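Source file: my_file_9.tsv (TSV, C-alpha atoms)
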chain	number	residue	atom	x	y	z
A	259	MET	CA	16.91	-16.94	-0.70
A	260	GLU	CA	16.78	-13.32	0.46
A	261	LYS	CA	13.98	-12.34	2.81
A	262	VAL	CA	12.04	-9.11	2.34
A	263	ALA	CA	9.34	-7.42	4.38
A	264	VAL	CA	6.78	-5.90	2.02
A	265	LEU	CA	4.55	-3.11	3.31
A	266	THR	CA	1.14	-4.02	1.96
A	267	SER	CA	-2.15	-2.17	2.14
A	268	GLY	CA	-4.24	-4.39	-0.11
A	269	GLY	CA	-4.19	-1.72	-2.83
A	270	VAL	CA	-3.02	-2.06	-6.43
A	271	ASP	CA	0.50	-0.75	-5.91
A	272	SER	CA	1.51	-2.76	-2.87
A	273	SER	CA	-0.23	-5.91	-4.13
A	274	ILE	CA	1.81	-5.74	-7.32
A	275	LEU	CA	4.93	-5.03	-5.27
A	276	LEU	CA	4.31	-8.12	-3.15
A	277	ALA	CA	3.85	-10.33	-6.21
A	278	ASP	CA	6.95	-8.89	-7.86
A	279	MET	CA	9.19	-9.28	-4.80
A	280	ALA	CA	7.95	-12.85	-4.26
A	281	LYS	CA	9.26	-13.89	-7.67
A	282	ARG	CA	12.83	-13.79	-6.36
A	283	SER	CA	12.58	-13.44	-2.55
A	284	ARG	CA	10.83	-14.93	0.43
A	285	ALA	CA	8.28	-12.14	0.85
A	286	PHE	CA	6.66	-11.31	4.18
A	287	PRO	CA	3.58	-9.06	3.74
A	288	LEU	CA	3.22	-6.64	6.64
A	289	TYR	CA	-0.13	-4.92	7.19
A	290	LEU	CA	-0.35	-2.04	9.66
A	291	ARG	CA	-3.61	-1.52	11.55
A	292	VAL	CA	-3.83	1.93	13.11
A	293	GLY	CA	-7.58	2.46	13.40
A	294	MET	CA	-8.50	3.65	9.91
A	295	ALA	CA	-12.08	2.92	8.90
A	296	TRP	CA	-11.20	0.81	5.86
A	297	GLU	CA	-8.73	-1.62	7.44
A	298	ASP	CA	-10.99	-4.69	7.71
A	299	GLN	CA	-11.81	-4.49	4.01
A	300	GLU	CA	-8.19	-3.85	3.05
A	301	GLN	CA	-6.90	-6.83	4.98
A	302	ARG	CA	-9.51	-9.14	3.45
A	303	ALA	CA	-8.59	-7.85	-0.01
A	304	LEU	CA	-4.90	-8.48	0.65
A	305	GLU	CA	-5.52	-12.05	1.83
A	306	ALA	CA	-7.79	-12.74	-1.15
A	307	PHE	CA	-5.13	-11.45	-3.54
A	308	ILE	CA	-2.41	-13.61	-1.96
A	309	ALA	CA	-4.63	-16.69	-2.12
A	310	ALA	CA	-5.49	-16.06	-5.78
A	311	VAL	CA	-1.87	-15.54	-6.84
A	312	GLY	CA	-0.78	-18.71	-5.08
A	313	GLU	CA	2.93	-17.84	-5.04
A	314	PRO	CA	4.71	-20.13	-2.55
A	315	ASN	CA	7.25	-17.44	-1.69
A	316	MET	CA	4.48	-15.25	-0.27
A	317	GLN	CA	4.28	-15.78	3.47
A	318	PRO	CA	1.12	-15.32	5.60
A	319	VAL	CA	0.14	-11.74	6.40
A	320	THR	CA	1.69	-10.30	9.55
A	321	VAL	CA	-0.48	-7.62	11.18
A	322	LEU	CA	1.24	-4.85	13.16
A	323	THR	CA	-0.88	-2.52	15.28
A	324	LEU	CA	-0.49	1.03	16.53
A	325	PRO	CA	-3.49	3.22	17.48
A	326	ILE	CA	-3.40	6.41	15.43
A	327	GLU	CA	-6.38	8.23	16.97
A	328	PRO	CA	-4.25	10.07	19.57
A	329	PHE	CA	-2.37	11.65	16.66
A	330	TYR	CA	-5.09	12.12	14.03
A	331	GLY	CA	-8.06	12.80	16.31
A	332	ASP	CA	-11.30	13.42	14.39
A	333	HIS	CA	-9.73	12.68	11.01
A	334	TRP	CA	-11.98	11.56	8.17
A	335	GLY	CA	-9.93	8.38	7.85
A	336	VAL	CA	-10.65	7.46	11.47
A	337	ARG	CA	-14.34	8.42	11.35
A	338	GLY	CA	-14.93	6.68	8.02
A	339	VAL	CA	-16.94	9.55	6.56
A	340	GLY	CA	-16.06	12.63	4.57
A	341	ALA	CA	-13.25	11.08	2.51
A	342	PRO	CA	-11.90	13.41	-0.21
A	343	ARG	CA	-13.96	13.20	-3.37
A	344	ALA	CA	-12.73	12.86	-6.92
A	345	GLY	CA	-10.79	15.94	-8.02
A	346	THR	CA	-9.35	16.70	-4.58
A	347	PRO	CA	-5.65	17.72	-4.71
A	348	ASP	CA	-3.07	15.34	-3.26
A	349	SER	CA	-2.68	17.53	-0.19
A	350	GLY	CA	-6.22	16.55	0.79
A	351	VAL	CA	-5.21	12.93	1.43
A	352	PHE	CA	-1.90	13.55	3.19
A	353	LEU	CA	-1.56	11.44	6.34
A	354	PRO	CA	1.28	13.04	8.35
A	355	GLY	CA	4.01	10.60	9.28
A	356	ARG	CA	2.31	7.58	7.70
A	357	ASN	CA	5.51	6.22	6.16
A	358	VAL	CA	7.45	7.07	9.31
A	359	LEU	CA	5.11	4.81	11.28
A	360	LEU	CA	4.95	2.09	8.63
A	361	LEU	CA	8.69	1.87	8.17
A	362	GLY	CA	9.50	2.27	11.86
A	363	LEU	CA	7.28	-0.63	12.92
A	364	ALA	CA	8.39	-2.71	9.96
A	365	ALA	CA	12.03	-2.15	10.91
A	366	VAL	CA	11.45	-3.35	14.47
A	367	TRP	CA	9.75	-6.47	13.08
A	368	CYS	CA	12.70	-6.98	10.73
A	369	ALA	CA	15.20	-6.66	13.56
A	370	THR	CA	13.40	-9.39	15.51
A	371	HIS	CA	12.94	-11.70	12.51
A	372	ASP	CA	16.37	-11.47	10.86
A	373	VAL	CA	15.16	-9.51	7.83
A	374	ALA	CA	17.22	-6.63	6.42
A	375	LEU	CA	15.16	-5.45	3.44
A	376	ILE	CA	11.89	-3.47	3.52
A	377	ALA	CA	10.00	-2.81	0.27
A	378	ILE	CA	7.43	-0.04	-0.07
A	379	GLY	CA	5.18	0.66	-3.05
A	380	SER	CA	5.63	4.41	-3.52
A	381	LEU	CA	5.11	5.52	-7.12
A	382	ALA	CA	6.33	8.35	-9.32
A	383	GLY	CA	4.61	11.64	-8.59
A	384	ASN	CA	4.14	10.96	-4.88
A	385	PRO	CA	4.59	14.50	-3.50
A	386	PHE	CA	4.84	13.73	0.19
A	387	PRO	CA	8.04	14.34	2.18
A	388	ASP	CA	8.18	10.83	3.66
A	389	ALA	CA	8.10	9.18	0.23
A	390	THR	CA	11.25	10.57	-1.37
A	391	PRO	CA	14.30	8.43	-2.21
A	392	GLU	CA	16.34	10.68	0.07
A	393	PHE	CA	14.00	10.02	2.98
A	394	PHE	CA	14.06	6.25	2.44
A	395	GLU	CA	17.85	6.21	2.34
A	396	SER	CA	18.39	8.43	5.37
A	397	PHE	CA	15.63	6.82	7.45
A	398	GLY	CA	17.10	3.40	6.69
A	399	ARG	CA	20.43	4.55	8.11
A	400	VAL	CA	18.76	5.92	11.25
A	401	LEU	CA	16.79	2.73	11.80
A	402	SER	CA	19.89	0.60	11.26
A	403	SER	CA	21.76	2.63	13.85
A	404	GLY	CA	18.97	2.63	16.41
A	405	LEU	CA	18.22	-1.08	16.07
A	406	ALA	CA	21.81	-2.29	15.65
A	407	HIS	CA	20.44	-4.24	12.70
A	408	GLU	CA	20.86	-3.50	9.00
A	409	VAL	CA	17.74	-1.98	7.49
A	410	ARG	CA	17.55	-1.16	3.79
A	411	ILE	CA	14.43	0.50	2.39
A	412	VAL	CA	13.69	0.06	-1.30
A	413	ALA	CA	10.94	1.56	-3.44
A	414	PRO	CA	11.28	-0.31	-6.75
A	415	PHE	CA	8.38	1.54	-8.39
A	416	ARG	CA	9.34	5.08	-7.31
A	417	GLU	CA	9.95	6.09	-10.94
A	418	THR	CA	6.88	4.27	-12.28
A	419	GLU	CA	3.42	5.71	-12.90
A	420	LYS	CA	0.38	3.74	-11.71
A	421	HIS	CA	-0.95	3.13	-15.23
A	422	ASP	CA	2.43	1.77	-16.37
A	423	LEU	CA	2.47	-0.55	-13.37
A	424	ILE	CA	-1.02	-1.83	-14.19
A	425	ARG	CA	-0.07	-2.31	-17.84
A	426	ARG	CA	2.97	-4.42	-16.87
A	427	TYR	CA	1.13	-6.50	-14.28
A	428	GLY	CA	-2.35	-6.67	-15.74
A	429	HIS	CA	-2.16	-10.48	-15.69
A	430	LEU	CA	-2.45	-10.43	-11.89
A	431	PRO	CA	-5.89	-10.54	-10.17
A	432	LEU	CA	-5.84	-6.79	-9.57
A	433	HIS	CA	-9.62	-6.65	-9.26
A	434	LEU	CA	-9.18	-8.27	-5.84
A	435	SER	CA	-7.13	-5.33	-4.56
A	436	LEU	CA	-8.83	-2.47	-2.72
A	437	THR	CA	-8.01	1.19	-3.29
A	438	CYS	CA	-10.84	3.09	-1.63
A	439	MET	CA	-11.28	5.44	1.32
A	440	GLU	CA	-14.98	4.71	1.87
A	441	PRO	CA	-15.49	1.07	0.81
A	442	ARG	CA	-19.02	-0.25	0.54
A	443	GLY	CA	-19.04	-3.76	1.90
A	444	ASP	CA	-15.87	-5.23	0.44
A	445	GLY	CA	-16.16	-3.15	-2.72
A	446	HIS	CA	-15.18	0.31	-3.95
A	447	CYS	CA	-17.39	3.35	-3.49
A	448	GLY	CA	-16.49	4.66	-6.96
A	449	GLU	CA	-16.65	8.27	-5.76
A	450	CYS	CA	-13.58	9.01	-3.64
A	451	LEU	CA	-10.26	10.34	-4.89
A	452	LYS	CA	-8.58	6.94	-4.68
A	453	CYS	CA	-11.31	5.32	-6.75
A	454	GLU	CA	-10.92	8.05	-9.35
A	455	GLU	CA	-7.15	7.51	-9.49
A	456	ARG	CA	-7.67	3.76	-9.85
A	457	GLN	CA	-10.21	4.09	-12.66
A	458	THR	CA	-8.07	6.59	-14.52
A	459	ALA	CA	-4.97	4.40	-14.23
A	460	PHE	CA	-6.76	1.34	-15.62
A	461	ALA	CA	-8.09	3.42	-18.51
A	462	LEU	CA	-4.65	4.86	-19.33
A	463	ALA	CA	-3.12	1.39	-19.09
A	464	GLY	CA	-5.62	0.00	-21.58
A	465	VAL	CA	-6.33	-2.86	-19.17
A	466	GLY	CA	-9.89	-4.00	-18.50
A	467	ASP	CA	-10.98	-2.94	-15.04
A	468	LEU	CA	-12.89	-5.79	-13.40
A	469	THR	CA	-13.22	-3.88	-10.13
A	470	ALA	CA	-16.74	-3.59	-8.70
A	471	TYR	CA	-17.62	0.05	-7.96
A	472	GLY	CA	-20.61	1.22	-5.97
A	473	ALA	CA	-21.10	4.25	-8.23
A	474	ALA	CA	-20.91	4.55	-11.99
A	475	LYS	CA	-17.36	4.72	-13.29
A	476	GLN	CA	-16.12	8.24	-13.77
A	477	GLY	CA	-13.20	7.51	-16.08
A	478	GLY	CA	-15.04	5.52	-18.73
What is this file in structure tokens?
Amino acid sequence: MEKVAVLTSGGVDSSILLADMAKRSRAFPLYLRVGMAWEDQEQRALEAFIAAVGEPNMQPVTVLTLPIEPFYGDHWGVRGVGAPRAGTPDSGVFLPGRNVLLLGLAAVWCATHDVALIAIGSLAGNPFPDATPEFFESFGRVLSSGLAHEVRIVAPFRETEKHDLIRRYGHLPLHLSLTCMEPRGDGHCGECLKCEERQTAFALAGVGDLTAYGAAKQGG
């Protein structure tokens, strides 16, 4: 059975990706801790999702660490306050080099664990330069060369919208996933841009949203 390293954040997209890849591969969820304020909650959400799905091909979560504060400084994601509110343009949540770091560390892990395939949950409409098919292909070649180990990066949902993904995988325990930049306890704030995107996607998908939000739903 093929082995695949799945970059997982505990959010809807990567949780679905993990479940999908595990149907036909031995899937290793990789979670990257860099010092963002929401990481404890995300990791708990990811582990709860894996436990609830109960797919034997899903392996235990591997946590990779790299302090990001020297690069991001006094960023709202590090401080845990001031996250972009609903209605903020995508540029307001851009984290420079995020996929470069994620994929770079994942590739080193793959090279030391005899894994050639890395899966990432980028969706259609992602406007950032490190989320394009061209970037994934070229970066995979660079990593393969530098590590002397084959690295292939795949983004199976790159042409899929979030609401379509939720519609197709609504049978999964998606309410256990976490897509929030200022979580309250282990729940969603209901006010940040990511919460708005999540609520809107569930509404467009026509799938009941069982997520607990700290504020009243904005998308109905």
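Shortest separation to Cys453 of chain A among A:Ala413, A:Val465, A:Cys438, A:Ala310 occurs at residue A:Cys438, atoms counted being all atoms listed in the file.
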Q: Excluding Glu260 of chain A and any residue of its chain fewer than 6 positions from it, enumerate the residues within 9 Å of it, using only C-alpha atoms, and give them as a list in words.
A: Arg282, Ser283, Arg284, Ala285, Val373, Ala374 and Leu375 of chain A
Q) How many Å lie between atom CA of Thr469 of chain A and atom CA of Lys452 of chain A, rounded to one decimal? A)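 Interatomic distance, atom CA of Thr469 of chain A to atom CA of Lys452 of chain A: 13.0 Å.
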Q | Distance criterion (only C-alpha atoms): nearest to Pro325 of chain A out of A:His433, A:His446, A:Arg399, A:Arg291 | A | A:Arg291
Q: Tell me, as a ChimeraX atom specification, which residues lie within 9 Å of Phe460 of chain A, counting only C-alpha atoms; anything in the same chain fewer than 3 positions away does not count.
A: /A:420-421,424-425,455-457,463-467,477
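We find atom CA of Gly398 of chain A and atom CA of Ala263 of chain A to be spaced 13.5 Å apart.
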Q | Two-atom distance - atom CA of Ala369 of chain A, atom CA of Ser272 of chain A (Å) | A |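 Atom CA of Ala369 of chain A sits 21.7 Å away from atom CA of Ser272 of chain A.
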Q: Could you tell me which of A:Pro385, A:Gly445, A:Pro287, A:Gly268 comes closest to Trp367 of chain A if we count all atoms listed in the file?
A: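 Residue with the minimum atom-to-atom distance to Trp367 of chain A: A:Pro287.
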Q: Could you give me, as number ranges by chain, the residues within 12 Å of Val409 of chain A, counting all atoms listed in the file and dropping anything in the same chain fewer than 4 positions from it?
A: A: 261-263, 361-377, 394-405
Q.
Neighbouring residues of Thr390 of chain A were defined as those with any atom within 9 Å, considering only C-alpha atoms; residues of the same chain fewer than 6 positions away were excluded. Please report them as a PyMOL selection string.
A. chain A and resi 380+384+416
Export, as a compact mmCIF listing (two decimals), in the frame of the given file, the selected residues with C-alpha atoms.
# COMPACT_ATOMS: atom_id res chain seq x y z
CA SER A 380 5.63 4.41 -3.52
CA ASN A 384 4.14 10.96 -4.88
CA ARG A 416 9.34 5.08 -7.31
Q: Considering all atoms listed in the file, return as a VMD selection string whatever protein or nucleic-acid residues lie within 10 Å of Leu324 of chain A, sequence-local ones (same chain, fewer than 2 positions apart) excluded.
A: chain A and resid 290 to 293 322 326 to 327 359 to 360 363
Report, as lines of an AutoDock Vina configuration file, the centre and edge lengths in Å (one decimal) of the axis-aligned box enclosing every listed atom of segment 386-391 of chain A, padded by 4 Å on each side.
center_x = 9.6
center_y = 11.4
center_z = 0.7
size_x = 17.5
size_y = 13.9
size_z = 13.9
